[in-house]
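Source file: model03.csv. Holds: CSV, N, CA and C atoms.
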chain,number,residue,atom,x,y,z
A,1,GLN,N,-125.0,64.3,123.2
A,1,GLN,CA,-124.0,65.3,123.0
A,1,GLN,C,-123.3,65.6,124.4
A,2,LEU,N,-122.0,65.6,124.4
A,2,LEU,CA,-121.3,65.9,125.7
A,2,LEU,C,-121.0,67.4,125.8
A,3,HIS,N,-121.1,67.9,127.0
A,3,HIS,CA,-120.6,69.2,127.3
A,3,HIS,C,-119.5,69.1,128.3
A,4,LEU,N,-118.3,69.7,127.9
A,4,LEU,CA,-117.1,69.4,128.7
A,4,LEU,C,-116.6,70.8,129.2
A,5,VAL,N,-116.3,70.9,130.4
A,5,VAL,CA,-115.7,72.1,131.0
A,5,VAL,C,-114.5,71.8,131.8
A,6,GLU,N,-113.3,72.3,131.4
A,6,GLU,CA,-112.1,72.1,132.1
A,6,GLU,C,-111.9,73.2,133.2
A,7,SER,N,-111.1,72.8,134.2
A,7,SER,CA,-110.7,73.7,135.2
A,7,SER,C,-109.5,73.3,135.9
A,8,GLY,N,-108.8,74.1,136.6
A,8,GLY,CA,-107.7,73.8,137.4
A,8,GLY,C,-106.4,74.3,136.9
A,9,GLY,N,-106.4,74.8,135.7
A,9,GLY,CA,-105.1,75.4,135.1
A,9,GLY,C,-104.7,76.6,135.9
A,10,ARG,N,-103.4,76.7,136.1
A,10,ARG,CA,-102.8,77.9,136.8
A,10,ARG,C,-101.3,78.0,136.6
A,11,LEU,N,-100.7,79.0,137.1
A,11,LEU,CA,-99.3,79.1,137.1
A,11,LEU,C,-98.7,78.3,138.2
A,12,VAL,N,-97.7,77.4,137.9
A,12,VAL,CA,-97.0,76.6,138.9
A,12,VAL,C,-95.5,76.6,138.6
A,13,GLN,N,-94.8,76.1,139.6
A,13,GLN,CA,-93.3,76.1,139.4
A,13,GLN,C,-92.9,74.7,138.9
A,14,ALA,N,-91.7,74.7,138.2
A,14,ALA,CA,-91.2,73.4,137.8
A,14,ALA,C,-91.0,72.5,138.9
A,15,GLY,N,-91.4,71.2,138.7
A,15,GLY,CA,-91.3,70.2,139.8
A,15,GLY,C,-92.6,70.0,140.6
A,16,ASP,N,-93.5,71.0,140.4
A,16,ASP,CA,-94.8,70.9,141.1
A,16,ASP,C,-95.7,69.8,140.4
A,17,SER,N,-96.8,69.5,141.1
A,17,SER,CA,-97.8,68.6,140.5
A,17,SER,C,-99.1,69.4,140.4
A,18,LEU,N,-100.0,69.0,139.5
A,18,LEU,CA,-101.2,69.7,139.3
A,18,LEU,C,-102.3,68.7,138.8
A,19,THR,N,-103.5,69.0,139.3
A,19,THR,CA,-104.6,68.2,138.8
A,19,THR,C,-105.6,69.0,138.1
A,20,LEU,N,-105.9,68.7,136.9
A,20,LEU,CA,-106.9,69.4,136.1
A,20,LEU,C,-108.2,68.5,136.1
A,21,SER,N,-109.3,69.2,136.0
A,21,SER,CA,-110.6,68.5,136.1
A,21,SER,C,-111.4,68.9,134.8
A,22,CYS,N,-112.2,67.9,134.4
A,22,CYS,CA,-113.1,68.1,133.3
A,22,CYS,C,-114.5,67.6,133.7
A,23,LYS,N,-115.4,68.6,133.8
A,23,LYS,CA,-116.8,68.3,134.2
A,23,LYS,C,-117.5,67.8,133.0
A,24,VAL,N,-118.1,66.7,133.1
A,24,VAL,CA,-118.8,66.0,131.9
A,24,VAL,C,-120.3,66.1,132.1
A,25,SER,N,-121.0,66.6,131.2
A,25,SER,CA,-122.5,66.5,131.3
A,25,SER,C,-123.0,66.1,129.9
A,26,GLY,N,-124.3,65.6,130.0
A,26,GLY,CA,-124.9,65.2,128.7
A,26,GLY,C,-124.7,63.8,128.3
A,27,ARG,N,-124.2,63.0,129.3
A,27,ARG,CA,-124.0,61.5,128.9
A,27,ARG,C,-125.3,60.8,128.8
A,28,THR,N,-125.5,60.2,127.6
A,28,THR,CA,-126.6,59.4,127.4
A,28,THR,C,-126.3,58.0,126.8
A,29,ALA,N,-125.1,57.9,126.2
A,29,ALA,CA,-124.7,56.6,125.7
A,29,ALA,C,-124.1,55.7,126.8
A,30,ARG,N,-123.9,54.4,126.5
A,30,ARG,CA,-123.4,53.5,127.5
A,30,ARG,C,-121.9,53.8,127.9
A,31,ASN,N,-121.2,54.1,126.9
A,31,ASN,CA,-119.7,54.2,127.1
A,31,ASN,C,-119.1,55.3,126.3
A,32,TYR,N,-118.1,55.9,126.9
A,32,TYR,CA,-117.4,57.0,126.2
A,32,TYR,C,-115.9,56.9,126.4
A,33,ALA,N,-115.1,57.5,125.6
A,33,ALA,CA,-113.7,57.8,125.8
A,33,ALA,C,-113.6,59.3,126.1
A,34,LEU,N,-112.9,59.6,127.2
A,34,LEU,CA,-112.6,61.0,127.6
A,34,LEU,C,-111.1,61.2,127.5
A,35,GLY,N,-110.7,62.0,126.7
A,35,GLY,CA,-109.3,62.2,126.4
A,35,GLY,C,-108.8,63.6,126.9
A,36,TRP,N,-107.5,63.7,127.1
A,36,TRP,CA,-106.8,65.0,127.3
A,36,TRP,C,-105.8,65.3,126.3
A,37,PHE,N,-105.8,66.5,125.7
A,37,PHE,CA,-104.9,66.9,124.8
A,37,PHE,C,-104.3,68.3,125.3
A,38,ARG,N,-103.2,68.7,124.7
A,38,ARG,CA,-102.7,70.0,125.0
A,38,ARG,C,-102.1,70.6,123.7
A,39,GLN,N,-102.1,72.0,123.8
A,39,GLN,CA,-101.6,72.7,122.6
A,39,GLN,C,-100.9,74.0,123.1
A,40,THR,N,-99.8,74.2,122.4
A,40,THR,CA,-99.0,75.5,122.5
A,40,THR,C,-99.1,76.3,121.3
A,41,PRO,N,-99.0,77.6,121.3
A,41,PRO,CA,-99.1,78.4,120.1
A,41,PRO,C,-98.2,77.9,119.0
A,42,GLY,N,-98.8,77.8,117.8
A,42,GLY,CA,-98.1,77.5,116.6
A,42,GLY,C,-97.8,76.0,116.5
A,43,LYS,N,-98.4,75.2,117.4
A,43,LYS,CA,-98.2,73.7,117.3
A,43,LYS,C,-99.5,73.0,117.2
A,44,GLU,N,-99.5,71.8,116.7
A,44,GLU,CA,-100.8,71.0,116.7
A,44,GLU,C,-101.1,70.5,118.1
A,45,ARG,N,-102.4,70.2,118.2
A,45,ARG,CA,-102.8,69.7,119.5
A,45,ARG,C,-102.2,68.3,119.7
A,46,GLU,N,-101.7,68.1,120.9
A,46,GLU,CA,-101.0,66.9,121.2
A,46,GLU,C,-101.7,66.0,122.2
A,47,PHE,N,-101.8,64.7,121.9
A,47,PHE,CA,-102.5,63.8,122.8
A,47,PHE,C,-101.7,63.6,124.1
A,48,VAL,N,-102.4,63.6,125.2
A,48,VAL,CA,-101.8,63.4,126.5
A,48,VAL,C,-102.2,62.0,127.1
A,49,GLY,N,-103.5,61.7,127.1
A,49,GLY,CA,-104.0,60.5,127.6
A,49,GLY,C,-105.5,60.4,127.4
A,50,THR,N,-106.0,59.2,127.7
A,50,THR,CA,-107.4,59.0,127.6
A,50,THR,C,-107.9,57.9,128.5
A,51,ILE,N,-109.2,57.9,128.8
A,51,ILE,CA,-109.8,56.9,129.7
A,51,ILE,C,-111.1,56.4,129.2
A,52,ARG,N,-111.4,55.1,129.2
A,52,ARG,CA,-112.7,54.6,128.9
A,52,ARG,C,-113.6,54.7,130.1
A,53,TRP,N,-114.8,55.3,129.9
A,53,TRP,CA,-115.6,55.6,131.1
A,53,TRP,C,-116.0,54.4,131.9
A,54,VAL,N,-116.5,53.4,131.2
A,54,VAL,CA,-117.0,52.2,131.9
A,54,VAL,C,-115.9,51.3,132.5
A,55,GLU,N,-114.9,51.0,131.7
A,55,GLU,CA,-113.9,50.1,132.1
A,55,GLU,C,-112.8,50.8,133.0
A,56,GLU,N,-112.7,52.1,132.9
A,56,GLU,CA,-111.7,52.9,133.6
A,56,GLU,C,-110.3,52.5,133.1
A,57,THR,N,-110.1,51.9,132.0
A,57,THR,CA,-108.8,51.7,131.5
A,57,THR,C,-108.3,52.9,130.8
A,58,THR,N,-106.9,53.1,130.8
A,58,THR,CA,-106.3,54.3,130.3
A,58,THR,C,-105.2,54.0,129.3
A,59,ALA,N,-104.9,55.0,128.6
A,59,ALA,CA,-103.7,55.0,127.7
A,59,ALA,C,-103.1,56.4,127.7
A,60,TYR,N,-101.8,56.4,127.6
A,60,TYR,CA,-101.1,57.6,127.7
A,60,TYR,C,-100.1,57.8,126.6
A,61,ALA,N,-99.8,59.1,126.2
A,61,ALA,CA,-98.7,59.3,125.3
A,61,ALA,C,-97.4,58.8,125.8
A,62,ASP,N,-96.6,58.3,125.0
A,62,ASP,CA,-95.3,57.8,125.4
A,62,ASP,C,-94.5,58.8,126.2
A,63,SER,N,-94.6,60.1,125.7
A,63,SER,CA,-93.8,61.2,126.2
A,63,SER,C,-94.3,61.6,127.6
A,64,MET,N,-95.5,61.1,128.0
A,64,MET,CA,-96.0,61.5,129.3
A,64,MET,C,-96.1,60.4,130.3
A,65,LYS,N,-95.8,59.2,129.8
A,65,LYS,CA,-96.0,58.0,130.7
A,65,LYS,C,-95.0,58.2,131.9
A,66,GLY,N,-95.6,57.8,133.1
A,66,GLY,CA,-94.9,57.9,134.3
A,66,GLY,C,-95.1,59.2,135.0
A,67,ARG,N,-95.6,60.3,134.3
A,67,ARG,CA,-95.9,61.6,134.9
A,67,ARG,C,-97.3,61.9,135.0
A,68,VAL,N,-98.2,61.2,134.3
A,68,VAL,CA,-99.6,61.6,134.2
A,68,VAL,C,-100.5,60.4,134.6
A,69,THR,N,-101.6,60.7,135.2
A,69,THR,CA,-102.6,59.7,135.6
A,69,THR,C,-104.0,60.3,135.3
A,70,ILE,N,-104.8,59.6,134.6
A,70,ILE,CA,-106.2,60.0,134.4
A,70,ILE,C,-107.1,59.1,135.1
A,71,SER,N,-108.1,59.7,135.7
A,71,SER,CA,-109.1,59.0,136.5
A,71,SER,C,-110.4,59.6,136.3
A,72,ARG,N,-111.5,58.9,136.7
A,72,ARG,CA,-112.8,59.5,136.5
A,72,ARG,C,-113.7,59.2,137.8
A,73,ASP,N,-114.5,60.2,138.1
A,73,ASP,CA,-115.4,60.1,139.2
A,73,ASP,C,-116.8,60.0,138.6
A,74,GLU,N,-117.4,58.8,138.7
A,74,GLU,CA,-118.7,58.6,138.0
A,74,GLU,C,-119.8,59.4,138.7
A,75,ILE,N,-119.7,59.5,140.0
A,75,ILE,CA,-120.8,60.2,140.8
A,75,ILE,C,-120.7,61.7,140.4
A,76,GLY,N,-119.5,62.3,140.4
A,76,GLY,CA,-119.4,63.7,140.2
A,76,GLY,C,-119.3,64.0,138.7
A,77,ASN,N,-119.2,63.0,137.8
A,77,ASN,CA,-119.1,63.2,136.4
A,77,ASN,C,-117.9,64.1,136.1
A,78,VAL,N,-116.8,63.7,136.6
A,78,VAL,CA,-115.5,64.4,136.4
A,78,VAL,C,-114.4,63.5,136.0
A,79,VAL,N,-113.7,63.9,135.0
A,79,VAL,CA,-112.5,63.2,134.6
A,79,VAL,C,-111.3,64.1,135.0
A,80,SER,N,-110.3,63.5,135.6
A,80,SER,CA,-109.2,64.3,136.2
A,80,SER,C,-107.9,63.9,135.5
A,81,LEU,N,-107.0,64.9,135.3
A,81,LEU,CA,-105.7,64.6,134.7
A,81,LEU,C,-104.7,65.1,135.8
A,82,HIS,N,-103.9,64.2,136.3
A,82,HIS,CA,-102.9,64.6,137.3
A,82,HIS,C,-101.5,64.5,136.7
A,83,VAL,N,-100.8,65.6,136.8
A,83,VAL,CA,-99.5,65.6,136.2
A,83,VAL,C,-98.5,65.9,137.3
A,84,LYS,N,-97.5,65.2,137.4
A,84,LYS,CA,-96.4,65.4,138.4
A,84,LYS,C,-95.1,65.8,137.7
A,85,ASN,N,-94.3,66.4,138.6
A,85,ASN,CA,-92.9,66.8,138.1
A,85,ASN,C,-93.1,67.7,136.8
A,86,LEU,N,-93.9,68.7,137.0
A,86,LEU,CA,-94.1,69.6,135.8
A,86,LEU,C,-92.9,70.3,135.3
A,87,LYS,N,-92.8,70.5,134.0
A,87,LYS,CA,-91.6,71.1,133.4
A,87,LYS,C,-92.1,72.3,132.6
A,88,PRO,N,-91.2,73.3,132.3
A,88,PRO,CA,-91.6,74.4,131.5
A,88,PRO,C,-92.2,74.0,130.2
A,89,GLU,N,-91.8,72.9,129.6
A,89,GLU,CA,-92.3,72.5,128.3
A,89,GLU,C,-93.7,71.9,128.4
A,90,ASP,N,-94.2,71.7,129.6
A,90,ASP,CA,-95.6,71.3,129.8
A,90,ASP,C,-96.6,72.5,129.7
A,91,THR,N,-96.0,73.7,129.6
A,91,THR,CA,-96.9,74.9,129.5
A,91,THR,C,-97.7,74.8,128.2
A,92,ALA,N,-99.0,74.9,128.4
A,92,ALA,CA,-99.9,74.7,127.2
A,92,ALA,C,-101.3,74.9,127.7
A,93,VAL,N,-102.2,75.0,126.7
A,93,VAL,CA,-103.7,74.9,127.0
A,93,VAL,C,-104.0,73.5,127.0
A,94,TYR,N,-104.7,73.0,128.0
A,94,TYR,CA,-105.1,71.6,128.1
A,94,TYR,C,-106.6,71.5,127.9
A,95,TYR,N,-106.9,70.6,127.0
A,95,TYR,CA,-108.2,70.4,126.5
A,95,TYR,C,-108.7,69.0,126.9
A,96,CYS,N,-110.0,68.9,127.2
A,96,CYS,CA,-110.7,67.7,127.5
A,96,CYS,C,-111.6,67.4,126.2
A,97,ALA,N,-111.6,66.1,125.8
A,97,ALA,CA,-112.4,65.7,124.6
A,97,ALA,C,-113.1,64.5,124.9
A,98,GLY,N,-114.2,64.3,124.2
A,98,GLY,CA,-115.0,63.1,124.4
A,98,GLY,C,-115.6,62.5,123.1
A,99,ARG,N,-115.8,61.2,123.1
A,99,ARG,CA,-116.5,60.5,122.0
A,99,ARG,C,-117.2,59.3,122.6
A,100,ILE,N,-118.3,58.9,121.9
A,100,ILE,CA,-119.0,57.7,122.2
A,100,ILE,C,-118.2,56.5,121.7
A,101,LEU,N,-118.2,55.4,122.5
A,101,LEU,CA,-117.6,54.2,122.1
A,101,LEU,C,-118.7,53.2,121.8
A,102,TYR,N,-118.8,52.9,120.5
A,102,TYR,CA,-119.9,52.0,120.0
A,102,TYR,C,-119.3,50.6,119.9
A,103,TYR,N,-119.7,49.7,120.8
A,103,TYR,CA,-119.3,48.3,120.6
A,103,TYR,C,-117.8,48.1,120.3
A,104,SER,N,-117.0,49.0,120.8
A,104,SER,CA,-115.6,48.9,120.4
A,104,SER,C,-114.9,47.9,121.3
A,105,ALA,N,-113.8,47.3,120.8
A,105,ALA,CA,-113.0,46.4,121.6
A,105,ALA,C,-112.5,47.1,122.8
A,106,THR,N,-112.5,46.3,123.9
A,106,THR,CA,-112.2,46.9,125.2
A,106,THR,C,-110.8,47.5,125.2
A,107,GLY,N,-109.9,47.1,124.3
A,107,GLY,CA,-108.6,47.6,124.3
A,107,GLY,C,-108.4,48.9,123.5
A,108,TYR,N,-109.5,49.4,122.9
A,108,TYR,CA,-109.4,50.5,122.1
A,108,TYR,C,-109.4,51.8,122.9
A,109,HIS,N,-108.4,52.6,122.7
A,109,HIS,CA,-108.3,53.9,123.3
A,109,HIS,C,-107.9,54.9,122.2
A,110,PRO,N,-108.9,55.7,121.9
A,110,PRO,CA,-108.6,56.7,120.8
A,110,PRO,C,-107.6,57.7,121.2
A,111,THR,N,-106.6,58.0,120.3
A,111,THR,CA,-105.5,58.9,120.6
A,111,THR,C,-105.4,60.1,119.6
A,112,ARG,N,-106.1,60.0,118.6
A,112,ARG,CA,-106.0,61.1,117.6
A,112,ARG,C,-107.1,62.2,117.8
A,113,GLU,N,-106.7,63.4,117.5
A,113,GLU,CA,-107.6,64.6,117.7
A,113,GLU,C,-108.9,64.3,117.0
A,114,ASP,N,-108.9,63.8,115.7
A,114,ASP,CA,-110.1,63.6,115.0
A,114,ASP,C,-110.9,62.4,115.4
A,115,ASP,N,-110.4,61.6,116.4
A,115,ASP,CA,-111.2,60.5,116.9
A,115,ASP,C,-112.3,61.1,117.8
A,116,TYR,N,-112.2,62.3,118.3
A,116,TYR,CA,-113.1,62.9,119.3
A,116,TYR,C,-114.1,63.9,118.7
A,117,ASP,N,-115.3,63.9,119.2
A,117,ASP,CA,-116.4,64.7,118.7
A,117,ASP,C,-116.7,65.9,119.5
A,118,TRP,N,-116.4,65.9,120.7
A,118,TRP,CA,-116.8,67.0,121.6
A,118,TRP,C,-115.5,67.5,122.4
A,119,TRP,N,-115.4,68.8,122.5
A,119,TRP,CA,-114.3,69.4,123.1
A,119,TRP,C,-114.7,70.5,124.1
A,120,GLY,N,-113.9,70.6,125.2
A,120,GLY,CA,-114.0,71.8,126.0
A,120,GLY,C,-113.2,73.0,125.5
A,121,ARG,N,-113.3,74.1,126.2
A,121,ARG,CA,-112.6,75.3,125.8
A,121,ARG,C,-111.2,75.3,126.2
A,122,GLY,N,-110.8,74.5,127.1
A,122,GLY,CA,-109.4,74.4,127.6
A,122,GLY,C,-109.1,75.2,128.8
A,123,THR,N,-108.0,74.8,129.5
A,123,THR,CA,-107.6,75.5,130.7
A,123,THR,C,-106.0,75.7,130.6
A,124,GLN,N,-105.6,76.9,130.9
A,124,GLN,CA,-104.2,77.2,130.7
A,124,GLN,C,-103.3,76.8,131.9
A,125,VAL,N,-102.3,76.0,131.5
A,125,VAL,CA,-101.2,75.7,132.5
A,125,VAL,C,-99.9,76.3,132.1
A,126,THR,N,-99.4,77.1,133.1
A,126,THR,CA,-98.1,77.7,132.8
A,126,THR,C,-97.1,77.2,133.9
A,127,VAL,N,-96.0,76.7,133.4
A,127,VAL,CA,-94.9,76.2,134.3
A,127,VAL,C,-93.7,77.1,134.3
A,128,SER,N,-93.4,77.7,135.4
A,128,SER,CA,-92.2,78.6,135.4
A,128,SER,C,-91.0,77.8,135.9
A,129,SER,N,-89.8,78.2,135.3
A,129,SER,CA,-88.6,77.5,135.7
A,129,SER,C,-87.9,78.0,136.9
Write the structure described by the file as C-alpha cells, please.
Amino acid sequence: QLHLVESGGRLVQAGDSLTLSCKVSGRTARNYALGWFRQTPGKEREFVGTIRWVEETTAYADSMKGRVTISRDEIGNVVSLHVKNLKPEDTAVYYCAGRILYYSATGYHPTREDDYDWWGRGTQVTVSS
C-alpha cells in the first residue's frame, strides 16, 4: 500500500513556474505508476501526467504537453511535477496517485482516475492573473 503526500502548492502569478512534490512511502512492489491529476470545484478530476517508477518513462495530457515535466527521485522517494508558464486556468487542487504495475507492457501509462489505487490529499495551486 502506498502512502502519498503532496506539497508545494501555493499562490503564484501567471507566467510563473512551480514544482509540486509527492512523497512516496510504502513501496514494496517492483514497479509503480505515479500520476498527477488536478481538480477544480464542480469538475471531474483531470489527468495531468504520469511516470513509470522503474523505467522513468512519462506520459502527459495533450492539453499540458510542453508545459509540464514529471520526474522521480528514487533515493528521496519523491515524484515531482514541474509546471511552467502557469495560467489562471491551472488553478486547481493537484493530486498524486499511485498504482502497482504488474508485468505491464513498458509502454503502458495509466491515464484514467480509476486506474489508480492510492491517492494523496492534494495540494492547492492558485494562479493569479
### Message
Between atom CA of Tyr95 of chain A and atom CA of Arg27 of chain A, what distance in Å does the model show, to one decimal?
### Response
18.3 Å
### Query
So which residues touch segment 70-78 of chain A within 12 Å, counting only C-alpha atoms, skipping near sequence neighbours fewer than 5 positions away, as a VMD selection string?
chain A and resid 2 to 7 18 to 27 31 to 37 48 to 61 64 to 65 83 to 84 96
### Task
Have a look at A:Ser129, A:Ser63, A:Glu46, A:Pro41 and name the one nearest to Gln13 of chain A; count all atoms listed in the file.
A:Ser129
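For Thr123 of chain A, the non-local neighbours within 6.5 Å, defined as residues at least 2 positions apart in the same chain or in other chains and counting all atoms listed in the file, are A:Glu6, A:Ser7, A:Gly8, A:Gly9, A:Arg10, A:Ala92, A:Val93, A:Tyr94, A:Tyr95, A:Arg121, A:Val125.
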Could you save those same residues with N, CA and C atoms as a CSV table (one decimal), keeping the file's coordinate frame?
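Output file again01.csv follows:
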chain,number,residue,atom,x,y,z
A,6,GLU,N,-113.3,72.3,131.4
A,6,GLU,CA,-112.1,72.1,132.1
A,6,GLU,C,-111.9,73.2,133.2
A,7,SER,N,-111.1,72.8,134.2
A,7,SER,CA,-110.7,73.7,135.2
A,7,SER,C,-109.5,73.3,135.9
A,8,GLY,N,-108.8,74.1,136.6
A,8,GLY,CA,-107.7,73.8,137.4
A,8,GLY,C,-106.4,74.3,136.9
A,9,GLY,N,-106.4,74.8,135.7
A,9,GLY,CA,-105.1,75.4,135.1
A,9,GLY,C,-104.7,76.6,135.9
A,10,ARG,N,-103.4,76.7,136.1
A,10,ARG,CA,-102.8,77.9,136.8
A,10,ARG,C,-101.3,78.0,136.6
A,92,ALA,N,-99.0,74.9,128.4
A,92,ALA,CA,-99.9,74.7,127.2
A,92,ALA,C,-101.3,74.9,127.7
A,93,VAL,N,-102.2,75.0,126.7
A,93,VAL,CA,-103.7,74.9,127.0
A,93,VAL,C,-104.0,73.5,127.0
A,94,TYR,N,-104.7,73.0,128.0
A,94,TYR,CA,-105.1,71.6,128.1
A,94,TYR,C,-106.6,71.5,127.9
A,95,TYR,N,-106.9,70.6,127.0
A,95,TYR,CA,-108.2,70.4,126.5
A,95,TYR,C,-108.7,69.0,126.9
A,121,ARG,N,-113.3,74.1,126.2
A,121,ARG,CA,-112.6,75.3,125.8
A,121,ARG,C,-111.2,75.3,126.2
A,125,VAL,N,-102.3,76.0,131.5
A,125,VAL,CA,-101.2,75.7,132.5
A,125,VAL,C,-99.9,76.3,132.1
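In the backbone-derived DSSP annotation, strand (DSSP E) within segment 50-120 of chain A comprises Thr50, Ile51, Arg52, Thr58, Ala59, Tyr60, Val68, Thr69, Ile70, Ser71, Arg72, Asp73, Val78, Val79, Ser80, Leu81, His82, Val83, Ala92, Val93, Tyr94, Tyr95, Cys96, Ala97, Gly98, Arg99, Ile100, Trp118 and Trp119 of chain A.
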### Query
For the atom pair atom CA of Asn85 of chain A and atom CA of Gly122 of chain A, what is the interatomic distance in Å to one decimal place?
21.0 Å
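What separates atom CA of Thr69 of chain A from atom N of Leu81 of chain A is a distance of 6.8 Å.
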